[in-house]
Amino acid sequence: MDPVPSPTPSARGGIVGELKGIVRSLQRVVRDAAPGQASGDEARQIVGLFAEVERAASSGLSLFTPVVVATGSFTKEGHGSAAQWLGSLSGSSEASAKGRLAAAERAASTPVLTEALHNGDLSAAQLNVVTRTSAEVSDAAANLLPLAQGGASLQELSDAAARLRAGARQRENERARRDRVQAHRHFRWRQVDSGGIRGDFFCDEVEWAKVAPLLEARAKARWKAAGSHDVASFEAHRLDAFIELMALSDGGGSDGPDGSGRSPKGPRVETLVLIDAAALRRGTTEGDEVCEIEGIGPVSVAAATELLGEGGLRYLVKEGFDIKTVTKATRDIASCIDAALIARDRTCCAEPCGKRHGLERDHVHDHAEDGPSELDNLVRLCPEHHSLKTYGGWRIEGEPGNWKWVAPENPKSAGAISRARKLATAKAKANAEAKAEAKVKATVPKDRNSPRRA
Ligand SMILES: [Zn+2]
């Protein structure tokens, strides 16, 4: 099953021992290094050798990660996904770890690439280019590997890969082309460090045609209405039109203060704005005060208050740990607790995860075991850590502000956790069906009798 042939247990022990020795030697070399005393030629030679080390290390990493993924052993360290695990090991983002895992996965199923990895020939970036191209062009590895091994620059390698892909696309028939596009469809957005949201998407032309005419017509109308003195570009108006259309269809938006759902389908979407009372009074945030749009990220107080009066918005004004004001009046206690929980747990509570999108609420002590639905017994977790806790035996201990993510005695692998989740889902389904059946049985005799009574 393993995509990479596993070494025998004794060989494995050998590798670990040998690697530990090498790592310690390397660390000693780096610690004692005196770069200031090296000549230019010497330094150049040393950098060359370190580059070789980096390449060999990267190859070794790519050879072994598929086994960690296949066995799911990353959960044994409390990581919710393989990308999370590798990201935290290598100090990279989860997204770049994901790319690296995918490349290693593909290399493991391509013999020539596996061989190149064993030779320590490929850097992580080169491997990425070769495997990504292999996904589209069958003989890519055979064409690109000699280039990489012959010392071509990354740019030369990327250019050659682009030419191969372009050639393959010309040969590809229309159906295959659309299938490829469909398989790679995506819509990504993120908050940029310097402020603002940046997005990019990729989709099938036919799918896009379902929305493009309306979008373009709206954009053109807005642009024309703005007149020739307007400095905004047509693209700027297209974005305005896009946001206007999305706001219309999400059941609220800028329609009216009540934000009554305009769309008959889909759930009502409510946007939460969380602000520290002090920041709201001052007009700016200081220290670790928050001013955030839930699920999007930090914004200025001015930007947050600009949204006041829009429909479909809920303001949580925070004084310390307390929620002082929830602008939309509600007597529902559950909803108040939810609001306080959102204000308290800004990121996943399984330290050091730090995820802040798509968080789910969970009981510290299980609800089924009479854990109360009180704020102190609730935490927010990302879906991956939620699953580790519910099905993998991981626990949250401590108190709000000082949670500890605690391992079970024998941490389970991802496969075991996934099986436990499937079993629980099947059991819940069977229970629900049994209940429904019992209900039917209870009502059938009554129905038979009812005509006589009538
Ligand atoms: Zn998490």
# chains A, B, ... in the order shown; residues from 1 in each chain; ligands from 1
>>> residues_near_ligand(ligand="ligand 1", cutoff="10 Å", atoms="only C-alpha atoms and all ligand atoms", output="list in words")
Gly78, His79, Gly80, Ser81, Gln84, Thr347, Cys348, Cys349, Ala350, Glu351, Pro352, Cys353, Gly354, Lys355, Arg356, His357, Gly358, Leu359, Glu360, Arg380, Leu381, Cys382, Pro383, Glu384, His385, His386, Ser387 and Leu388 of chain A
>>> write_last_selection(atoms="N, CA and C atoms", output="mmCIF file, in the first residue's frame")
data_model
loop_
_atom_site.group_PDB
_atom_site.id
_atom_site.type_symbol
_atom_site.label_atom_id
_atom_site.label_comp_id
_atom_site.auth_asym_id
_atom_site.auth_seq_id
_atom_site.Cartn_x
_atom_site.Cartn_y
_atom_site.Cartn_z
ATOM 1 N N GLY A 78 -0.603 15.415 17.395
ATOM 2 C CA GLY A 78 -1.679 16.385 17.620
ATOM 3 C C GLY A 78 -1.952 17.306 16.454
ATOM 4 N N HIS A 79 -1.408 16.989 15.272
ATOM 5 C CA HIS A 79 -1.673 17.827 14.110
ATOM 6 C C HIS A 79 -2.901 17.303 13.380
ATOM 7 N N GLY A 80 -3.761 18.229 12.954
ATOM 8 C CA GLY A 80 -5.013 17.835 12.337
ATOM 9 C C GLY A 80 -4.858 17.370 10.915
ATOM 10 N N SER A 81 -3.812 17.802 10.220
ATOM 11 C CA SER A 81 -3.621 17.384 8.835
ATOM 12 C C SER A 81 -2.142 17.243 8.564
ATOM 13 N N GLN A 84 -0.475 20.564 8.043
ATOM 14 C CA GLN A 84 -0.249 21.266 9.307
ATOM 15 C C GLN A 84 1.040 20.736 9.959
ATOM 16 N N THR A 347 -8.923 32.282 17.716
ATOM 17 C CA THR A 347 -8.252 31.288 16.889
ATOM 18 C C THR A 347 -8.526 29.906 17.475
ATOM 19 N N CYS A 348 -8.204 28.888 16.716
ATOM 20 C CA CYS A 348 -8.366 27.503 17.174
ATOM 21 C C CYS A 348 -7.660 27.327 18.515
ATOM 22 N N CYS A 349 -8.341 26.684 19.481
ATOM 23 C CA CYS A 349 -7.802 26.566 20.840
ATOM 24 C C CYS A 349 -6.776 25.448 20.983
ATOM 25 N N ALA A 350 -6.563 24.653 19.927
ATOM 26 C CA ALA A 350 -5.540 23.604 20.005
ATOM 27 C C ALA A 350 -4.193 24.239 19.689
ATOM 28 N N GLU A 351 -3.552 24.788 20.723
ATOM 29 C CA GLU A 351 -2.269 25.467 20.536
ATOM 30 C C GLU A 351 -1.258 24.504 19.921
ATOM 31 N N PRO A 352 -0.391 24.931 19.021
ATOM 32 C CA PRO A 352 -0.236 26.269 18.477
ATOM 33 C C PRO A 352 -0.865 26.425 17.097
ATOM 34 N N CYS A 353 -2.070 25.902 16.884
ATOM 35 C CA CYS A 353 -2.674 25.869 15.542
ATOM 36 C C CYS A 353 -2.820 27.269 14.939
ATOM 37 N N GLY A 354 -3.574 28.131 15.634
ATOM 38 C CA GLY A 354 -3.675 29.512 15.172
ATOM 39 C C GLY A 354 -4.622 29.755 14.015
ATOM 40 N N LYS A 355 -5.331 28.715 13.537
ATOM 41 C CA LYS A 355 -6.278 28.922 12.435
ATOM 42 C C LYS A 355 -7.409 29.820 12.893
ATOM 43 N N ARG A 356 -7.912 30.683 12.012
ATOM 44 C CA ARG A 356 -9.000 31.545 12.461
ATOM 45 C C ARG A 356 -10.210 31.506 11.538
ATOM 46 N N HIS A 357 -10.122 30.732 10.469
ATOM 47 C CA HIS A 357 -11.283 30.628 9.580
ATOM 48 C C HIS A 357 -11.962 29.267 9.744
ATOM 49 N N GLY A 358 -13.283 29.264 9.626
ATOM 50 C CA GLY A 358 -14.025 28.010 9.647
ATOM 51 C C GLY A 358 -14.020 27.304 10.990
ATOM 52 N N LEU A 359 -13.892 28.062 12.094
ATOM 53 C CA LEU A 359 -13.835 27.431 13.414
ATOM 54 C C LEU A 359 -15.195 26.864 13.808
ATOM 55 N N GLU A 360 -15.155 25.775 14.587
ATOM 56 C CA GLU A 360 -16.387 25.136 15.041
ATOM 57 C C GLU A 360 -16.410 25.137 16.562
ATOM 58 N N ARG A 380 -13.544 26.979 20.697
ATOM 59 C CA ARG A 380 -13.633 26.921 19.239
ATOM 60 C C ARG A 380 -12.394 26.213 18.705
ATOM 61 N N LEU A 381 -12.647 25.264 17.798
ATOM 62 C CA LEU A 381 -11.562 24.481 17.199
ATOM 63 C C LEU A 381 -11.719 24.483 15.687
ATOM 64 N N CYS A 382 -10.603 24.351 14.985
ATOM 65 C CA CYS A 382 -10.695 24.198 13.534
ATOM 66 C C CYS A 382 -11.233 22.783 13.261
ATOM 67 N N PRO A 383 -11.791 22.527 12.073
ATOM 68 C CA PRO A 383 -12.402 21.215 11.810
ATOM 69 C C PRO A 383 -11.443 20.052 12.051
ATOM 70 N N GLU A 384 -10.155 20.223 11.698
ATOM 71 C CA GLU A 384 -9.188 19.130 11.855
ATOM 72 C C GLU A 384 -8.981 18.799 13.331
ATOM 73 N N HIS A 385 -8.810 19.837 14.168
ATOM 74 C CA HIS A 385 -8.583 19.571 15.590
ATOM 75 C C HIS A 385 -9.866 19.117 16.289
ATOM 76 N N HIS A 386 -11.013 19.613 15.792
ATOM 77 C CA HIS A 386 -12.297 19.160 16.319
ATOM 78 C C HIS A 386 -12.402 17.636 16.143
ATOM 79 N N SER A 387 -12.008 17.166 14.975
ATOM 80 C CA SER A 387 -12.077 15.740 14.680
ATOM 81 C C SER A 387 -11.086 14.947 15.541
ATOM 82 N N LEU A 388 -9.888 15.501 15.751
ATOM 83 C CA LEU A 388 -8.909 14.829 16.625
ATOM 84 C C LEU A 388 -9.459 14.676 18.037
#
>>> select_by_dssp(residues="stretch 284-435 of chain A", states="alpha helix (DSSP H)", output="PyMOL selection string")
chain A and resi 301-306+333-344+383-392+414-435
>>> closest_residue(among="A:Cys336, A:Val129, A:Ala183, A:Ala116", to="A:Gln149", atoms="only C-alpha atoms")
A:Ala116
>>> atom_distance(atom1="atom CA of A:Val16", atom2="atom CA of A:Ala57")
13.4 Å
>>> atom_distance(atom1="atom CA of A:Leu19", atom2="atom CA of A:Arg100")
21.3 Å
>>> atom_distance(atom1="atom CA of A:Gly401", atom2="atom CA of A:His365")
16.6 Å
>>> closest_atom_pairs(of="stretch 63-139 of chain A", to="stretch 40-56 of chain A", cutoff="12 Å", atoms="only C-alpha atoms", output="JSON lines")
{"residue": "A:Leu63", "atom": "CA", "partner": "A:Ala56", "partner_atom": "CA", "distance": 10.6}
{"residue": "A:Ala116", "atom": "CA", "partner": "A:Ala56", "partner_atom": "CA", "distance": 10.5}
{"residue": "A:Leu117", "atom": "CA", "partner": "A:Ala56", "partner_atom": "CA", "distance": 8.0}
{"residue": "A:His118", "atom": "CA", "partner": "A:Ala56", "partner_atom": "CA", "distance": 8.5}
{"residue": "A:Asn119", "atom": "CA", "partner": "A:Ala56", "partner_atom": "CA", "distance": 8.0}
{"residue": "A:Gly120", "atom": "CA", "partner": "A:Ala56", "partner_atom": "CA", "distance": 4.5}
{"residue": "A:Asp121", "atom": "CA", "partner": "A:Arg55", "partner_atom": "CA", "distance": 6.7}
{"residue": "A:Leu122", "atom": "CA", "partner": "A:Arg55", "partner_atom": "CA", "distance": 6.0}
{"residue": "A:Ser123", "atom": "CA", "partner": "A:Arg55", "partner_atom": "CA", "distance": 4.9}
{"residue": "A:Ala124", "atom": "CA", "partner": "A:Arg55", "partner_atom": "CA", "distance": 7.4}
{"residue": "A:Ala125", "atom": "CA", "partner": "A:Arg55", "partner_atom": "CA", "distance": 10.0}
{"residue": "A:Gln126", "atom": "CA", "partner": "A:Arg55", "partner_atom": "CA", "distance": 10.0}
{"residue": "A:Leu127", "atom": "CA", "partner": "A:Arg55", "partner_atom": "CA", "distance": 10.3}
>>> write_last_selection(atoms="N, CA and C atoms", output="compact mmCIF listing (two decimals), in the first residue's frame")
# COMPACT_ATOMS: atom_id res chain seq x y z
N LEU A 63 11.08 11.76 0.07
CA LEU A 63 10.96 10.30 0.00
C LEU A 63 10.12 9.75 1.14
N ALA A 116 15.53 9.95 -8.93
CA ALA A 116 16.21 11.25 -8.83
C ALA A 116 16.28 11.70 -7.37
N LEU A 117 15.22 11.40 -6.62
CA LEU A 117 15.23 11.77 -5.21
C LEU A 117 16.30 10.98 -4.46
N HIS A 118 16.40 9.69 -4.77
CA HIS A 118 17.42 8.88 -4.11
C HIS A 118 18.82 9.40 -4.42
N ASN A 119 18.98 9.98 -5.62
CA ASN A 119 20.29 10.54 -5.96
C ASN A 119 20.52 11.90 -5.31
N GLY A 120 19.47 12.43 -4.68
CA GLY A 120 19.59 13.76 -4.05
C GLY A 120 19.80 14.86 -5.07
N ASP A 121 19.21 14.69 -6.27
CA ASP A 121 19.45 15.62 -7.38
C ASP A 121 18.57 16.85 -7.38
N LEU A 122 17.41 16.76 -6.72
CA LEU A 122 16.41 17.80 -6.92
C LEU A 122 16.17 18.67 -5.69
N SER A 123 16.11 19.97 -5.91
CA SER A 123 15.69 20.87 -4.83
C SER A 123 14.17 20.79 -4.73
N ALA A 124 13.62 21.33 -3.64
CA ALA A 124 12.17 21.30 -3.47
C ALA A 124 11.48 22.04 -4.62
N ALA A 125 12.05 23.17 -5.04
CA ALA A 125 11.44 23.97 -6.10
C ALA A 125 11.48 23.22 -7.44
N GLN A 126 12.62 22.56 -7.71
CA GLN A 126 12.72 21.79 -8.96
C GLN A 126 11.74 20.63 -8.98
N LEU A 127 11.67 19.94 -7.85
CA LEU A 127 10.74 18.80 -7.76
C LEU A 127 9.31 19.28 -8.02
>>> closest_residue(among="A:Lys422, A:Glu374, A:Gly415, A:Ala247", to="A:Pro400", atoms="only C-alpha atoms")
A:Glu374
>>> closest_residue(among="A:Ala407, A:Val69, A:Ala232, A:Gly14", to="A:Ala108", atoms="only C-alpha atoms")
A:Val69
>>> select_by_dssp(residues="stretch 68-270 of chain A", states="strand (DSSP E or B)", output="VMD selection string")
chain A and resid 186 to 191 197 to 202
>>> write_last_selection(atoms="N, CA and C atoms", output="compact mmCIF listing (two decimals), in the first residue's frame")
# COMPACT_ATOMS: atom_id res chain seq x y z
N HIS A 186 -11.01 26.71 -8.80
CA HIS A 186 -10.83 27.19 -7.43
C HIS A 186 -11.25 28.65 -7.31
N PHE A 187 -11.47 29.06 -6.11
CA PHE A 187 -11.72 30.46 -5.79
C PHE A 187 -11.01 30.70 -4.48
N ARG A 188 -9.94 31.48 -4.52
CA ARG A 188 -9.18 31.73 -3.30
C ARG A 188 -9.27 33.20 -2.93
N TRP A 189 -9.34 33.49 -1.68
CA TRP A 189 -9.18 34.89 -1.26
C TRP A 189 -8.49 34.92 0.08
N ARG A 190 -7.78 36.00 0.32
CA ARG A 190 -7.09 36.13 1.60
C ARG A 190 -6.87 37.60 1.89
N GLN A 191 -6.65 37.90 3.14
CA GLN A 191 -6.33 39.28 3.50
C GLN A 191 -4.84 39.49 3.30
N ILE A 197 -8.27 42.82 0.49
CA ILE A 197 -8.49 41.41 0.17
C ILE A 197 -8.02 41.17 -1.26
N ARG A 198 -7.24 40.13 -1.46
CA ARG A 198 -6.83 39.77 -2.80
C ARG A 198 -7.40 38.40 -3.14
N GLY A 199 -7.92 38.26 -4.34
CA GLY A 199 -8.51 36.98 -4.71
C GLY A 199 -8.08 36.52 -6.08
N ASP A 200 -8.25 35.25 -6.33
CA ASP A 200 -8.07 34.79 -7.69
C ASP A 200 -8.93 33.55 -7.89
N PHE A 201 -9.41 33.37 -9.09
CA PHE A 201 -10.24 32.20 -9.33
C PHE A 201 -9.96 31.64 -10.71
N PHE A 202 -10.41 30.41 -10.91
CA PHE A 202 -10.16 29.72 -12.16
C PHE A 202 -11.37 28.83 -12.39
>>> closest_residue(among="A:Leu248, A:Pro66, A:Leu113, A:Ala176", to="A:Leu145", atoms="only C-alpha atoms")
A:Leu113
>>> residues_around(residues="A:Ala217", least_positions_apart="2", cutoff="12 Å", atoms="only C-alpha atoms", output="MDAnalysis selection string")
chainID A and resid 211:215 219:224 234 237:238 241:242 245
